[in-house]
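Undergrad: Provided herewith: target.cif, mmCIF, C-alpha atoms.
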data_structure
loop_
_atom_site.label_atom_id
_atom_site.label_comp_id
_atom_site.auth_asym_id
_atom_site.auth_seq_id
_atom_site.Cartn_x
_atom_site.Cartn_y
_atom_site.Cartn_z
CA MET A 21 0.00 0.00 0.00
CA SER A 22 1.28 3.45 -0.87
CA LEU A 23 1.55 5.93 1.98
CA TYR A 24 1.81 8.97 -0.25
CA THR A 25 0.00 10.00 -3.40
CA LEU A 26 1.46 10.87 -6.81
CA ALA A 27 1.07 14.45 -8.01
CA PRO A 28 -1.61 14.64 -10.74
CA GLN A 29 0.96 14.65 -13.57
CA PRO A 30 3.43 11.79 -13.01
CA TRP A 31 6.32 13.30 -15.03
CA LEU A 32 6.34 16.97 -14.15
CA ILE A 33 8.02 19.31 -16.66
CA PHE A 34 8.09 22.96 -15.62
CA LEU A 35 8.02 25.64 -18.34
CA ASP A 36 8.68 29.37 -18.31
CA ASP A 37 6.13 31.94 -19.48
CA GLY A 38 7.28 31.42 -23.06
CA GLY A 39 6.60 27.68 -22.91
CA ILE A 40 10.31 26.77 -22.77
CA TYR A 41 11.53 24.18 -20.29
CA ILE A 42 13.98 25.32 -17.61
CA PRO A 43 17.14 23.20 -17.33
CA ASN A 44 18.37 23.13 -13.74
CA GLY A 45 15.54 25.35 -12.57
CA GLN A 46 14.70 25.22 -8.88
CA LEU A 47 11.35 24.30 -7.34
CA ALA A 48 10.62 25.33 -3.76
CA ILE A 49 7.63 23.65 -2.13
CA TYR A 50 6.19 25.11 1.08
CA ALA A 51 3.23 24.46 3.35
CA ALA A 52 0.31 26.42 1.89
CA GLY A 53 0.23 30.07 2.89
CA THR A 54 3.70 29.98 4.49
CA THR A 55 7.39 30.03 3.75
CA THR A 56 7.92 26.85 5.76
CA PRO A 57 9.52 24.17 3.57
CA ALA A 58 7.31 21.11 3.17
CA THR A 59 8.60 17.56 2.94
CA VAL A 60 7.67 15.91 -0.36
CA TYR A 61 8.79 12.54 -1.64
CA THR A 62 10.41 10.78 -4.58
CA SER A 63 8.55 7.52 -3.93
CA ALA A 64 5.28 6.23 -2.58
CA ASN A 65 6.96 4.98 0.60
CA GLY A 66 8.56 8.15 1.81
CA ILE A 67 12.04 8.87 0.31
CA ALA A 68 12.27 12.64 0.71
CA HIS A 69 13.25 15.13 -2.01
CA PRO A 70 15.89 17.74 -1.09
CA PHE A 71 14.77 21.31 -0.58
CA PRO A 72 14.69 22.96 -3.00
CA ILE A 73 14.28 20.49 -5.85
CA THR A 74 16.68 21.08 -8.75
CA LEU A 75 15.11 20.22 -12.10
CA ASP A 76 17.05 18.03 -14.56
CA SER A 77 18.41 19.09 -17.95
CA ALA A 78 14.94 18.76 -19.49
CA GLY A 79 13.19 20.79 -16.79
CA ARG A 80 11.72 17.74 -15.10
CA VAL A 81 11.44 16.86 -11.40
CA PRO A 82 13.96 14.03 -10.88
CA GLY A 83 11.94 10.94 -9.99
CA GLY A 84 8.31 11.22 -8.93
CA LEU A 85 6.72 13.92 -6.84
CA TYR A 86 4.61 12.44 -4.05
CA LEU A 87 2.60 14.53 -1.59
CA GLN A 88 0.88 13.84 1.73
CA PRO A 89 -2.88 13.28 1.35
CA GLY A 90 -4.91 16.03 2.98
CA GLN A 91 -2.07 18.57 2.92
CA SER A 92 -1.99 21.81 0.90
CA TYR A 93 1.19 23.25 -0.61
CA LYS A 94 2.67 26.36 -2.24
CA PHE A 95 4.91 25.83 -5.31
CA VAL A 96 7.45 28.53 -6.21
CA LEU A 97 9.40 28.02 -9.46
CA HIS A 98 12.81 29.77 -9.70
CA GLU A 99 15.34 30.23 -12.46
CA PRO A 100 18.56 28.17 -12.06
CA GLN A 101 20.75 28.78 -9.05
CA ILE A 102 23.39 31.50 -9.46
CA GLU A 103 25.49 31.18 -6.34
CA GLU A 104 23.19 29.75 -3.66
CA PRO A 105 19.81 27.97 -3.61
CA LEU A 106 16.78 29.98 -4.68
CA ASP A 107 18.72 33.09 -5.73
CA GLY A 108 17.43 32.75 -9.29
CA GLY A 109 14.45 34.93 -10.17
CA ILE A 110 10.93 33.72 -9.42
CA ILE A 111 9.16 32.58 -12.57
CA ARG A 112 5.81 31.66 -11.06
CA SER A 113 4.20 30.95 -7.70
CA GLN A 114 1.03 28.99 -6.94
CA ASP A 115 -0.48 28.63 -3.47
CA ASN A 116 -3.07 26.19 -2.05
CA ILE A 117 -2.19 23.15 -4.15
CA LEU A 118 -4.10 20.24 -2.60
CA ALA A 119 -2.74 16.70 -2.82
CA VAL A 120 -5.16 14.24 -4.40
CA PRO A 121 -6.45 11.45 -2.11
CA PRO A 122 -4.25 8.35 -1.73
CA SER A 123 -4.87 5.13 -3.59
CA ARG A 124 -5.29 2.25 -1.16
CA GLU A 125 -6.22 -0.80 -3.15
CA GLY A 126 -6.63 -3.34 -0.36
CA GLY A 127 -3.68 -2.16 1.70
CA THR A 128 -1.83 -4.45 4.05
CA ALA A 129 -2.87 -6.19 7.25
CA LEU A 130 -0.79 -6.54 10.41
CA MET A 131 -1.41 -9.69 12.45
CA ILE A 132 -0.67 -9.56 16.21
CA SER A 133 -0.54 -12.99 17.83
CA LEU A 134 1.04 -12.23 21.22
CA PRO A 135 -1.00 -10.68 24.05
CA GLY A 136 0.54 -7.81 25.96
CA ASP A 137 0.76 -4.07 26.36
CA TYR A 138 1.79 -2.19 23.18
CA SER A 139 2.47 1.55 22.95
CA ASN A 140 4.31 1.97 19.63
CA ILE A 141 2.95 -0.44 17.02
CA ASP A 142 4.40 0.46 13.60
CA VAL A 143 1.51 0.95 11.16
CA THR A 144 3.58 2.20 8.20
CA GLY A 145 1.68 0.98 5.13
CA VAL A 146 -0.96 -0.78 7.28
CA ASN A 147 -4.71 -0.28 7.11
CA MET A 148 -5.85 -3.27 9.20
CA ILE A 149 -4.74 -4.88 12.47
CA GLU A 150 -6.03 -8.35 13.35
CA TYR A 151 -5.51 -9.86 16.79
CA SER A 152 -5.31 -13.66 17.24
CA GLY A 153 -3.56 -14.06 20.61
CA ALA A 154 -4.44 -16.15 23.67
CA GLY A 155 -5.04 -13.33 26.17
CA ASP A 156 -6.01 -9.67 26.42
CA LEU A 157 -4.24 -7.06 24.27
CA THR A 158 -3.64 -3.42 25.28
CA ILE A 159 -2.94 -0.79 22.60
CA ARG A 160 -1.83 2.70 23.67
CA GLY A 161 -0.48 4.20 20.44
CA PHE A 162 1.02 3.80 16.98
CA VAL A 163 3.96 5.08 14.94
CA GLY A 164 4.23 5.57 11.19
CA GLY A 165 0.84 7.15 10.51
CA VAL A 166 0.27 9.74 7.77
CA PRO A 167 -2.66 12.17 7.50
CA GLY A 168 -5.64 10.53 5.84
CA GLN A 169 -4.51 6.97 6.62
CA THR A 170 -7.31 4.74 7.86
CA LEU A 171 -6.84 1.85 10.25
CA VAL A 172 -9.32 -0.88 11.19
CA ILE A 173 -8.70 -3.01 14.30
CA LYS A 174 -10.41 -6.41 14.51
CA ASN A 175 -10.51 -8.91 17.35
CA LEU A 176 -10.44 -12.53 16.12
CA THR A 177 -10.49 -14.05 19.63
CA PHE A 178 -12.78 -14.39 22.64
CA ASN A 179 -10.41 -12.19 24.65
CA THR A 180 -10.49 -8.39 24.87
CA ILE A 181 -8.53 -5.64 23.10
CA TRP A 182 -8.28 -2.48 25.26
CA LEU A 183 -7.73 0.75 23.28
CA TYR A 184 -6.47 3.53 25.55
CA ASN A 185 -7.42 7.15 24.99
CA GLN A 186 -4.62 9.79 24.85
CA ASP A 187 -2.38 7.61 26.98
CA ALA A 188 0.85 9.04 28.40
CA ALA A 189 2.75 6.01 27.08
CA ALA A 190 1.74 6.75 23.47
CA PRO A 191 4.53 8.09 21.23
CA LEU A 192 4.47 11.72 20.18
CA GLY A 193 2.00 12.03 17.30
CA GLY A 194 0.68 8.49 17.79
CA GLU A 195 -1.97 8.71 20.50
CA LEU A 196 -5.58 7.56 20.15
CA THR A 197 -8.60 9.81 20.55
CA ASN A 198 -11.68 7.75 21.42
CA PHE A 199 -15.33 8.58 22.01
CA VAL A 200 -14.72 8.02 25.73
CA GLY A 201 -11.81 9.78 27.40
CA SER A 202 -11.89 8.55 31.00
CA GLY A 203 -11.23 4.87 30.30
CA PRO A 204 -10.24 2.42 27.56
CA THR A 205 -12.44 1.38 24.67
CA PRO A 206 -12.88 -2.43 24.62
CA LEU A 207 -13.19 -4.83 21.68
CA SER A 208 -14.62 -8.00 23.20
CA GLY A 209 -14.88 -11.25 21.28
CA PRO A 210 -14.61 -11.90 17.54
CA ARG A 211 -17.19 -9.26 16.63
CA GLY A 212 -15.23 -6.45 18.26
CA THR A 213 -13.98 -3.83 15.81
CA ALA A 214 -12.90 -0.19 15.72
CA SER A 215 -11.77 2.15 12.93
CA TYR A 216 -9.50 5.20 13.10
CA THR A 217 -8.27 7.95 10.77
CA TYR A 218 -4.90 9.67 11.20
CA LEU A 219 -5.67 13.38 11.49
CA SER A 220 -3.64 16.42 10.49
CA SER A 221 -3.34 17.16 14.23
CA GLN A 222 -1.13 14.02 14.39
CA ARG A 223 -3.37 11.73 16.38
CA TRP A 224 -5.64 8.81 15.57
CA GLY A 225 -9.30 9.82 15.74
CA ILE A 226 -11.84 7.04 16.22
CA ASP A 227 -14.55 6.87 13.55
CA ALA A 228 -16.55 3.84 14.70
CA HIS A 229 -16.57 1.30 17.51
CA GLY A 230 -18.44 -1.95 18.03
CA GLN A 231 -17.59 -3.66 21.33
CA GLY A 232 -18.76 -7.06 20.09
CA ALA A 233 -19.75 -8.81 23.32
CA PRO A 234 -20.37 -7.56 26.87
CA ILE A 235 -17.52 -7.61 29.38
CA GLN A 236 -18.67 -10.08 32.03
CA GLY A 237 -17.49 -11.40 35.38
CA ILE A 238 -15.57 -8.33 36.54
CA PHE A 239 -15.44 -8.90 40.31
CA ASN A 240 -13.55 -7.06 43.01
CA PRO A 241 -15.04 -6.80 46.51
CA ALA A 242 -13.42 -3.36 46.87
CA ASN A 243 -15.81 -2.04 44.17
CA TYR A 244 -18.77 -2.18 46.60
CA GLY A 245 -19.36 0.16 49.53
CA THR A 246 -21.68 2.66 51.22
CA ARG A 247 -21.91 6.37 51.86
CA ASN A 248 -21.89 5.89 55.64
CA ALA A 249 -18.77 5.38 57.69
CA GLY A 250 -18.77 2.13 59.66
CA VAL A 251 -21.19 0.40 57.27
CA SER A 252 -20.16 -2.24 54.72
CA TRP A 253 -21.88 -3.65 51.67
CA VAL A 254 -20.39 -7.09 51.12
CA VAL A 255 -20.68 -8.75 47.71
CA GLU A 256 -19.09 -12.21 47.27
CA PRO A 257 -18.57 -14.34 44.16
CA THR A 258 -21.00 -16.88 45.65
CA ASP A 259 -23.79 -14.27 45.84
CA PHE A 260 -25.21 -15.39 42.47
CA PHE A 261 -22.93 -12.70 41.08
CA THR A 262 -23.51 -11.58 37.48
CA GLU A 263 -22.53 -8.24 36.00
CA ALA A 264 -22.05 -7.18 32.38
CA PHE A 265 -20.80 -3.95 30.83
CA PHE A 266 -21.30 -2.84 27.22
CA LEU A 267 -19.96 0.46 25.82
CA ASP A 268 -21.95 2.02 23.00
CA GLY A 269 -20.55 5.39 21.99
CA ARG A 270 -20.41 7.31 25.27
CA ASN A 271 -23.11 5.22 26.96
CA LEU A 272 -22.14 2.37 29.26
CA LEU A 273 -24.88 -0.25 29.61
CA TYR A 274 -24.64 -1.94 33.03
CA SER A 275 -26.60 -5.14 33.73
CA PHE A 276 -26.46 -6.76 37.16
CA SER A 277 -27.95 -9.47 39.35
CA LEU A 278 -26.54 -9.47 42.89
CA ILE A 279 -28.28 -12.01 45.13
CA ASN A 280 -27.72 -12.66 48.86
CA THR A 281 -25.40 -9.71 49.44
CA SER A 282 -24.85 -8.40 52.99
CA ILE A 283 -25.18 -5.02 54.70
CA VAL A 284 -23.18 -5.00 57.90
CA GLY A 285 -22.61 -2.47 60.67
CA GLY A 286 -25.78 -0.37 60.77
CA GLU A 287 -28.12 1.37 58.36
CA THR A 288 -27.34 3.45 55.31
CA TYR A 289 -29.45 5.14 52.64
CA ALA A 290 -27.01 4.52 49.75
CA LEU A 291 -24.93 1.56 48.56
CA THR A 292 -22.18 2.35 46.05
CA ARG A 293 -20.61 0.56 43.09
CA ARG A 294 -17.39 1.81 41.47
CA LEU A 295 -17.43 1.93 37.66
CA PRO A 296 -15.10 -0.50 35.86
CA ALA A 297 -11.90 0.33 33.94
CA GLY A 298 -11.57 3.81 35.46
CA TYR A 299 -14.64 5.23 33.68
CA LEU A 300 -16.06 8.51 34.96
CA MET A 301 -19.69 9.48 34.41
CA ASP A 302 -21.53 12.71 33.68
CA GLY A 303 -24.34 11.82 36.08
CA VAL A 304 -27.16 9.28 36.08
CA THR A 305 -30.54 8.62 37.63
CA SER A 306 -32.44 5.46 36.78
CA THR A 307 -35.30 3.48 38.29
CA ASN A 308 -34.67 0.36 36.20
CA ILE A 309 -33.75 -1.73 39.25
CA VAL A 310 -35.50 -3.70 41.95
CA VAL A 311 -34.42 -4.80 45.43
CA SER A 312 -35.55 -7.50 47.84
CA PHE A 313 -34.78 -8.48 51.45
CA ASN A 314 -34.88 -12.09 52.70
CA GLY A 315 -36.96 -13.21 49.72
CA THR A 316 -39.60 -10.50 50.03
CA VAL A 317 -41.45 -9.23 46.97
CA TYR A 318 -39.18 -7.06 44.86
CA GLU A 319 -39.65 -3.31 45.23
CA ALA A 320 -38.45 -0.48 43.02
CA ALA A 321 -35.19 1.31 43.75
CA VAL A 322 -33.11 3.97 42.05
CA VAL A 323 -29.54 4.26 40.80
CA GLY A 324 -28.18 7.75 41.35
CA PHE A 325 -24.94 9.69 41.09
CA ALA A 326 -22.70 9.24 44.13
CA ASP A 327 -19.67 10.88 42.48
CA THR A 328 -18.03 10.69 39.04
CA ALA A 329 -16.58 7.24 39.76
CA ASN A 330 -19.38 5.62 41.81
CA LEU A 331 -23.03 4.73 41.32
CA ALA A 332 -25.40 5.03 44.29
CA PHE A 333 -28.12 2.41 44.81
CA GLN A 334 -30.95 3.91 46.87
CA ARG A 335 -34.37 2.69 48.03
CA LEU A 336 -37.49 4.68 47.34
CA PRO A 337 -38.14 7.17 48.80
CA MET A 338 -34.48 8.02 48.34
CA THR A 339 -33.84 8.68 52.04
CA THR A 340 -35.12 5.21 53.04
CA ASN A 341 -32.44 3.14 54.75
CA TRP A 342 -31.38 -0.29 53.57
CA VAL A 343 -32.06 -3.23 55.89
CA PRO A 344 -28.92 -4.58 57.56
CA GLY A 345 -28.38 -8.32 57.43
CA THR A 346 -26.14 -11.12 56.24
CA ASN A 347 -26.94 -12.64 52.83
CA ASN A 348 -30.36 -11.02 52.71
CA THR A 349 -30.15 -8.21 50.10
CA ASP A 350 -30.85 -8.72 46.39
CA LEU A 351 -30.42 -6.16 43.57
CA ARG A 352 -31.28 -6.64 39.90
CA GLY A 353 -31.48 -4.28 36.98
CA GLN A 354 -30.06 -2.66 33.87
CA ILE A 355 -29.14 1.00 33.37
CA SER A 356 -27.44 3.25 30.82
CA ILE A 357 -24.69 5.52 32.15
CA PRO A 358 -23.29 8.58 30.27
CA ILE A 359 -19.50 8.37 30.34
CA ASN A 360 -16.97 11.22 29.99
#
For this file, produce the structure as structure tokens.
TA:
Amino acid sequence: MSLYTLAPQPWLIFLDDGGIYIPNGQLAIYAAGTTTPATVYTSANGIAHPFPITLDSAGRVPGGLYLQPGQSYKFVLHEPQIEEPLDGGIIRSQDNILAVPPSREGGTALMISLPGDYSNIDVTGVNMIEYSGAGDLTIRGFVGGVPGQTLVIKNLTFNTIWLYNQDAAAPLGGELTNFVGSGPTPLSGPRGTASYTYLSSQRWGIDAHGQGAPIQGIFNPANYGTRNAGVSWVVEPTDFFTEAFFLDGRNLLYSFSLINTSIVGGETYALTRRLPAGYLMDGVTSTNIVVSFNGTVYEAAVVGFADTANLAFQRLPMTTNWVPGTNNTDLRGQISIPIN
């Protein structure tokens, strides 16, 4: 796959105003609207021309002239050098020359087969990454991108790819910008996929994300607590524990069934659950949950905003205390949480 795109005329011959070619003329190419020299290339894979370009004896650019897709340029054509570069008179100047889009027939795919934590994957000439390893994969950044390059990431396993947003470990100019900034974007299972475009701001901007399958079985007893000091909400793996998380855009769908949990040490009006993967929310209130005590009929409850990192489960009315007891509290429900 070519990284750069050929100028519209493949063999460029520059003429003066009388239609005569200019042996050894000099061509200065700048970023559009500036006098900052721009890097242009002799080949599709990035061999740079010198600045300025000296035309050959027939007034041609030696080799090809390849430009970066999405970039605009200013061409200034000079008469041949007298004593130092660009001291020949200016014949013609043209600003705002836009490179034509790149040709990417198929491109190349990069296969990653080893799980691990990667911060500088080389994607030079790559438009697809496929993961086939036997464990989770973390991606924090890439190197080798050019403006306009597209990159699709596909998970071929039943493990998870974690794509980190603007991570400090990403190389300069290679960080990812996801829909969600506070935590990683997951690709779970063989239907997980994401696509990025390399932007002129030198970062990878996400275009689309499909998580694939919910993230299930995330359990850590430290994730569960209360708002009251001296009170504990105890959730154990044996408490018919099921939780699932599914990220859709900036909405995190949280499904849960927590049976036979315990409230110990007194009464409290709010139980708390920390969000997974470091996500932070914009705020949430939902009544799509029910609670029960010692097998009683389920009653409605509410999920509120404890702080940016924690949900608050509260009975209705919202100041009603939970009932203390060992293995007597059940919570079930599904809610959608807006994530920063």
Undergrad: Expressed in Å to a single decimal, how great is the separation between atom CA of A:Pro72 and atom CA of A:Ile110?
TA: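 Distance between the two atoms: 13.1 Å.
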Undergrad: Please, what distance in Å, to one decimal, runs between atom CA of A:Phe239 and atom CA of A:Ile309?
TA: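 Separation between atom CA of A:Phe239 and atom CA of A:Ile309: 19.7 Å.
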Undergrad: Using all atoms listed in the file, find each residue in stretch 61-85 of chain A having at least one atom no more than 7 Å away from stretch 33-39 of chain A; report its shortest atom-to-atom pair and that distance in Å (one decimal), rows by chain then rising number, as a tab-separated table.
TA:
residue	atom	partner	partner_atom	distance
A:Gly79	CA	A:Ile33	CA	5.4
A:Arg80	CA	A:Ile33	CA	4.3
A:Val81	CA	A:Ile33	CA	6.7
Undergrad: For the file shown, what are the residues hit by the PyMOL selection byres ((chain A and resi 137) around 12), laid out as number ranges by chain?
TA: A: 132, 134-136, 138-141, 155-161, 181-184, 189-190
Undergrad: Can you give me, as a VMD selection string, the residues this file yields under the PyMOL selection byres ((chain A and resi 288-301) around 9)?
TA: chain A and resid 200 to 204 238 242 to 248 251 to 253 265 283 286 to 287 302 to 304 325 to 335 338 to 344 357 to 360
Undergrad: Could you tell me, as a ChimeraX atom specification, exactly which residues end up selected when the PyMOL selection byres ((chain A and resi 221) around 12) is applied to this structure?
TA: /A:90-91,165-168,192-197,217-220,222-225
Undergrad: As an exercise, work out the distance from atom CA of A:Asn314 to atom CA of A:Thr346 in Å and give it to one decimal place.
TA: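 Taking atom CA of A:Asn314 as the start and atom CA of A:Thr346 as the end point, the length is 9.5 Å.
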Undergrad: Looking at all atoms listed in the file, which of A:Ala249, A:Leu97, A:Met148, A:Val254 is the one that sits closest to A:Thr170?
TA: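 Of all the options, A:Met148 lies closest to A:Thr170.
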Undergrad: From the list A:Asn347, A:Arg112, A:Val163, A:Tyr318, which residue is nearest A:Val284 when using all atoms listed in the file?
TA: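 Looking at the shortest contact to A:Val284, the residue is A:Asn347.
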Undergrad: Just write stretch 135-153 of chain A with N, CA, C and O atoms, as an mmCIF file, in the first residue's frame, taken from the block above.
TA:
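Contents of part-v2.cif, as written:
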data_model
loop_
_atom_site.group_PDB
_atom_site.id
_atom_site.type_symbol
_atom_site.label_atom_id
_atom_site.label_comp_id
_atom_site.auth_asym_id
_atom_site.auth_seq_id
_atom_site.Cartn_x
_atom_site.Cartn_y
_atom_site.Cartn_z
ATOM 1 N N PRO A 135 -0.359 -11.644 23.156
ATOM 2 C CA PRO A 135 -1.001 -10.677 24.046
ATOM 3 C C PRO A 135 0.045 -9.813 24.729
ATOM 4 O O PRO A 135 1.235 -10.152 24.764
ATOM 5 N N GLY A 136 -0.390 -8.684 25.267
ATOM 6 C CA GLY A 136 0.544 -7.814 25.961
ATOM 7 C C GLY A 136 0.109 -6.372 25.889
ATOM 8 O O GLY A 136 -1.009 -6.044 25.481
ATOM 9 N N ASP A 137 1.019 -5.497 26.280
ATOM 10 C CA ASP A 137 0.762 -4.070 26.360
ATOM 11 C C ASP A 137 1.659 -3.366 25.338
ATOM 12 O O ASP A 137 2.880 -3.361 25.474
ATOM 13 N N TYR A 138 1.050 -2.775 24.292
ATOM 14 C CA TYR A 138 1.794 -2.186 23.182
ATOM 15 C C TYR A 138 1.536 -0.680 23.131
ATOM 16 O O TYR A 138 0.383 -0.242 23.153
ATOM 17 N N SER A 139 2.618 0.100 23.021
ATOM 18 C CA SER A 139 2.470 1.550 22.952
ATOM 19 C C SER A 139 3.018 2.152 21.665
ATOM 20 O O SER A 139 2.835 3.345 21.425
ATOM 21 N N ASN A 140 3.699 1.381 20.831
ATOM 22 C CA ASN A 140 4.311 1.967 19.630
ATOM 23 C C ASN A 140 4.271 0.990 18.454
ATOM 24 O O ASN A 140 5.281 0.728 17.814
ATOM 25 N N ILE A 141 3.098 0.467 18.152
ATOM 26 C CA ILE A 141 2.946 -0.444 17.016
ATOM 27 C C ILE A 141 3.193 0.327 15.720
ATOM 28 O O ILE A 141 2.605 1.383 15.487
ATOM 29 N N ASP A 142 4.071 -0.188 14.866
ATOM 30 C CA ASP A 142 4.403 0.463 13.597
ATOM 31 C C ASP A 142 3.325 0.135 12.569
ATOM 32 O O ASP A 142 3.152 -1.019 12.179
ATOM 33 N N VAL A 143 2.588 1.151 12.130
ATOM 34 C CA VAL A 143 1.511 0.951 11.157
ATOM 35 C C VAL A 143 1.862 1.574 9.811
ATOM 36 O O VAL A 143 0.967 1.904 9.024
ATOM 37 N N THR A 144 3.157 1.718 9.515
ATOM 38 C CA THR A 144 3.576 2.200 8.200
ATOM 39 C C THR A 144 3.045 1.263 7.114
ATOM 40 O O THR A 144 3.352 0.075 7.107
ATOM 41 N N GLY A 145 2.227 1.788 6.214
ATOM 42 C CA GLY A 145 1.677 0.985 5.133
ATOM 43 C C GLY A 145 0.574 0.040 5.544
ATOM 44 O O GLY A 145 0.159 -0.801 4.749
ATOM 45 N N VAL A 146 0.041 0.156 6.751
ATOM 46 C CA VAL A 146 -0.960 -0.785 7.277
ATOM 47 C C VAL A 146 -2.328 -0.106 7.310
ATOM 48 O O VAL A 146 -2.439 1.062 7.685
ATOM 49 N N ASN A 147 -3.370 -0.818 6.919
ATOM 50 C CA ASN A 147 -4.711 -0.283 7.110
ATOM 51 C C ASN A 147 -5.623 -1.243 7.874
ATOM 52 O O ASN A 147 -6.810 -0.960 8.054
ATOM 53 N N MET A 148 -5.060 -2.374 8.371
ATOM 54 C CA MET A 148 -5.853 -3.268 9.196
ATOM 55 C C MET A 148 -4.949 -3.991 10.188
ATOM 56 O O MET A 148 -3.861 -4.444 9.833
ATOM 57 N N ILE A 149 -5.400 -4.076 11.447
ATOM 58 C CA ILE A 149 -4.742 -4.877 12.466
ATOM 59 C C ILE A 149 -5.713 -5.971 12.895
ATOM 60 O O ILE A 149 -6.874 -5.690 13.220
ATOM 61 N N GLU A 150 -5.239 -7.215 12.891
ATOM 62 C CA GLU A 150 -6.035 -8.348 13.355
ATOM 63 C C GLU A 150 -5.326 -8.990 14.541
ATOM 64 O O GLU A 150 -4.115 -9.223 14.493
ATOM 65 N N TYR A 151 -6.100 -9.266 15.594
ATOM 66 C CA TYR A 151 -5.513 -9.858 16.793
ATOM 67 C C TYR A 151 -5.981 -11.299 16.941
ATOM 68 O O TYR A 151 -7.178 -11.586 16.908
ATOM 69 N N SER A 152 -4.997 -12.226 17.152
ATOM 70 C CA SER A 152 -5.312 -13.657 17.242
ATOM 71 C C SER A 152 -4.671 -14.311 18.460
ATOM 72 O O SER A 152 -4.510 -15.525 18.489
ATOM 73 N N GLY A 153 -4.295 -13.521 19.475
ATOM 74 C CA GLY A 153 -3.563 -14.060 20.614
ATOM 75 C C GLY A 153 -4.434 -14.756 21.647
ATOM 76 O O GLY A 153 -5.665 -14.738 21.583
#
